[in-house]
Amino acid sequence: MPPTISATDRPLDKLSADAVVVGVGKGPDGPLPTPGAEAVDRLLGGRLLTALADLGARGAEDEVTRVASLGQGPFPVVAAVGLGAPEAGGGYAPEALRRAAGAASRALSGRASVVTLLAAVGGTPDEPRLHAVGEGSLLGAYEFTAYKSDTDGRPTPPREFTVVVPDAGAAKAPLQRARAVADAITLVRDLVNTPPNDLYPAELAARGAAAGKAAGLKVEVLDEAALAAGGYGGVLAVGGGSARGPRLLRLTHSGKRARRKVALVGKGITFDSGGLSIKPAANMHHMTSDMAGAAAVIATVCLVAELGLPVEVTATVPIAENLPSGTAYRPADVVTFRNGKKAEITNTDAEGRVVLADALARAAEDSPDAILETSTLTGAQLVALGSRTAGVMGSDDMRDAVVAASVRSGEAMWAMPMPAELRRGLDSPIADFVNANADRMGGMLVGAHFLAEFVPAGVPWAHIDIAGPSYNTGAAWGYTPKGGTGVPVRTLLATIEDLIAT
C-alpha cells in the first residue's frame with residue numbers, strides 16, 4: 001500500500017509519531033533555524049539547536065541530521081533536513097521544500113509514522129508549499145521491490161505522514177492533489193523500473209490500457225495487423241527486429257465543458273539495443289528506460305482524468321522493441337510513415353523519432369490545440385544539459401510555456417533553439433529526409449527538426465528530451481530515487497492547466 005498523508009492543526013505537544021521533520025537553512029555561520037525547528041527546540045527544552053551545532057549540521061541541501069530525543073517530548077527522533085541557502089528576502093522556494101521532504105523520507109527508513117513541520121517554513125503554508133511538502137514526502141518514500149526475493153525484516157520507508165498546518169481543513173485539497181500527483185509519478189517509476197523481459201510492447205500497452213480503463217478513459221490498442229492497415233510504417237519498421245511485436249496505444253480523457261484539446265505523445269521503446277546499428281555493451285542495460293516518455297504521458301492523461309480537468313487530452317503512445325535480427329530494419333531502408341512522408345534510415349539507433357513520426361502524424365489528425373511530446377530521444381541531451389535538465393524545443397511560444405511550467409513544477413528544463421541551418425543535415429538524396437545527421441553535431445536539435453516534419457504548420461508544439469532526467473543512474477537525491485524518476489509528469493500537468501486557463 002502507498003503511504004498516506006494528512007494534515008493536522010493540533011498543538012505539537014499533543015502529537016506523537018516515530019519521528020518529526022524540521023527544516024534548517026544554510027547560513028554563513030552554521031544552520032539557520034526555521035519556525036518548525038524552533039518549535040521542536042522549545043519542546044526539547046532548548047537542546048535541539050545546540051545538538052545540531054555539536055553534530056556539525058550545516059543546513060546544506062540533502063543533508064539530514066538525526067537527533068535522538070532521549071525520551072524528551074513525543075518524538076523519539078528529530079530529523080533536521082537542510083534547505084540550502086535562503087533566497088533573497090529570507091524565504092525558500094517550494095522546490096527546496098520538496099527536495100528536503102524527500103531527503104527526510106529516505107533518511108527515515110524504518111520509521112513508520114512521521115510528523116513534518118516543513119510546511120511552516122517561510123510563514124503561513126500556501127498551496128505551492130503544501131504541494132511541495134506533500135509530493136516530496138510521498139515521492140521520497142518510493143521504493144521498487146517487485147524483484148526482491150527477501151524483504152522480511154528490512155527497514156521500509158515511512159507509511160504515514162502528518163503535515164502540521166494552521167488550518168487542517170484548508171490543507172485537505174492541496175494534499176489530495178499531492179497524493180494524486182505522487183500516484184501518477186509512482187506509476188511511471190514502476191513502469192520504467194520493470195525489466196524489459198517483463199515489460200515488452202504488448203505488456204506495456206496492456207498496463208497502459210488497464211490504467212486508462214481504471215481512470216475512465218477511452219482506450220484503443222493497435223496490434224501489428226492494425227498498424228499495417230493504418231500505415232504506421234515507422235512503428236512497424238522499428239518493431240520488426242523483435243519477436244515481440246509493436247503496439248500503438250491511445251488513451252482519451254474527455255473532460256466536461258472542455259474548451260481545449262491537447263495531444264500528448266510519448267516514446268515507448270521497451271528496450272533499445274540500437275538494432276543493427278548496435279550500441280556498445282557498456283550501459284546498454286540503462287535502455288530499459290527508453291519507454292519513460294510513454295510512461296509519462298500514460299500517467300499524465302490518467303492524472304488529468306483523476307483531477308477532473310475540463311479539457312480533452314489524448315495520449316498517443318507508439319511502442320516497440322528495437323533489436324537486431326534477420327527481420328530488423330536496416331540502414332539504407334526507406335520507411336513510409338502514416339502521413340505519407342518517407343525517411344531514408346541512416347542509423348537504426350535513431351529509432352525513437354521513427355516511431356514518434358507515426359504517433360505525431362496520428363495525433364495531428366485530431367486537430368489539437370497543442371501537441372506536447374516527450375521522449376528519451378538523444379544522448380546529445382546529456383552532453384548539452386547533463387543528467388538532470390531536460391531540453392525543450394518546438395514552436396517558440398509553446399516551448400517557453402513548457403519551460404515556465406517546469407519552473408513552477410520543480411522539474412529542471414531549458415529552452416533550446418532549432419537553428420534553420422541544422423535542418424540541412426537531414427537532407428536525403430533519395431527520400432524526403434534521413435533519420436539521423438551524419439556529423440552528429442547539435443544532435444538534440446536535429447532530432448527536434450525531424451519531429452517537426454510531422455507537426456502541421458501553425459500548431460503549437462513542444463518536444464521535451466528527457467534522456468537524462470527520466471532515469472537516475474547515480475545515487476538518490478532529494479525525492480529522486482535511483483532508477484525511474486517520473487519526469488516530466490508534473491510539467492505536463494502544469495502546462496495543460498495553463499492551456500485550460502488561457
# chains A, B, ... in the order shown; residues from 1 in each chain; ligands from 1
>>> closest_atom_pairs(of="region 48-138 of chain A", to="region 24-29 of chain A", cutoff="7 Å", atoms="only C-alpha atoms", output="CSV")
residue,atom,partner,partner_atom,distance
A:Arg58,CA,A:Lys26,CA,5.8
A:Gly59,CA,A:Lys26,CA,4.2
A:Ala60,CA,A:Lys26,CA,5.5
A:Ala80,CA,A:Val24,CA,6.4
A:Val81,CA,A:Val24,CA,6.1
A:Gly82,CA,A:Val24,CA,5.1
A:Leu83,CA,A:Gly25,CA,4.9
A:Gly84,CA,A:Lys26,CA,4.9
A:Ala85,CA,A:Lys26,CA,4.6
A:Pro86,CA,A:Gly25,CA,6.5
>>> residues_around(residues="Ala457 (chain A)", least_positions_apart="3", cutoff="12 Å", atoms="only C-alpha atoms", output="number ranges by chain")
A: 364, 367, 370-371, 394-395, 452-454, 460-461
>>> write_last_selection(atoms="C-alpha atoms", output="short mmCIF file (atom, residue, chain, number, x, y, z; two decimals), in the first residue's frame")
data_model
loop_
_atom_site.label_atom_id
_atom_site.label_comp_id
_atom_site.auth_asym_id
_atom_site.auth_seq_id
_atom_site.Cartn_x
_atom_site.Cartn_y
_atom_site.Cartn_z
CA ALA A 364 -2.27 15.73 -35.58
CA SER A 367 -6.74 18.77 -34.82
CA ALA A 370 -1.38 21.93 -28.87
CA ILE A 371 0.93 18.93 -29.08
CA GLY A 394 9.35 23.39 -30.62
CA SER A 395 7.30 26.42 -31.55
CA ALA A 452 8.84 18.97 -36.68
CA GLU A 453 8.27 17.38 -40.10
CA PHE A 454 5.21 15.65 -38.60
CA PRO A 460 1.75 24.98 -31.14
CA TRP A 461 4.01 22.13 -30.08
#
>>> select_by_dssp(residues="region 348-409 of chain A", states="strand (DSSP E)", output="count of residues only")
11
>>> closest_residue(among="A:Asp18, A:Asp432, A:Asp126, A:Asp41", to="Thr336 (chain A)", atoms="only C-alpha atoms")
A:Asp432
>>> residues_around(residues="region 190-193 of chain A", least_positions_apart="6", cutoff="6 Å", atoms="only C-alpha atoms", output="list in words")
Ser289, Ala292 and Gly484 of chain A
>>> residues_around(residues="Glu312 (chain A)", least_positions_apart="3", cutoff="9 Å", atoms="only C-alpha atoms", output="PyMOL selection string")
chain A and resi 252-256+258-263+309
>>> atom_distance(atom1="CA of Val115 (chain A)", atom2="CA of Leu15 (chain A)")
8.2 Å
>>> residues_around(residues="region 145-159 of chain A", least_positions_apart="2", cutoff="8 Å", atoms="only C-alpha atoms", output="ChimeraX atom specification")
/A:2-4,105-106,108-114,141-143,161
>>> write_last_selection(atoms="C-alpha atoms", output="compact mmCIF listing (two decimals), in the first residue's frame")
# COMPACT_ATOMS: atom_id res chain seq x y z
CA PRO A 2 1.24 3.53 -0.74
CA PRO A 3 1.97 5.81 2.22
CA THR A 4 -0.80 8.07 3.48
CA SER A 105 11.65 10.43 3.89
CA ARG A 106 14.63 8.50 2.56
CA LEU A 108 13.78 7.86 7.97
CA SER A 109 13.55 4.35 6.58
CA GLY A 110 12.44 2.11 9.41
CA ARG A 111 10.22 4.81 10.96
CA ALA A 112 6.57 4.08 10.18
CA SER A 113 4.96 7.41 11.10
CA VAL A 114 6.34 10.89 10.55
CA ALA A 141 9.22 7.19 0.35
CA TYR A 142 9.15 5.38 -3.01
CA GLU A 143 10.84 2.02 -3.37
CA PHE A 161 2.89 11.38 7.02
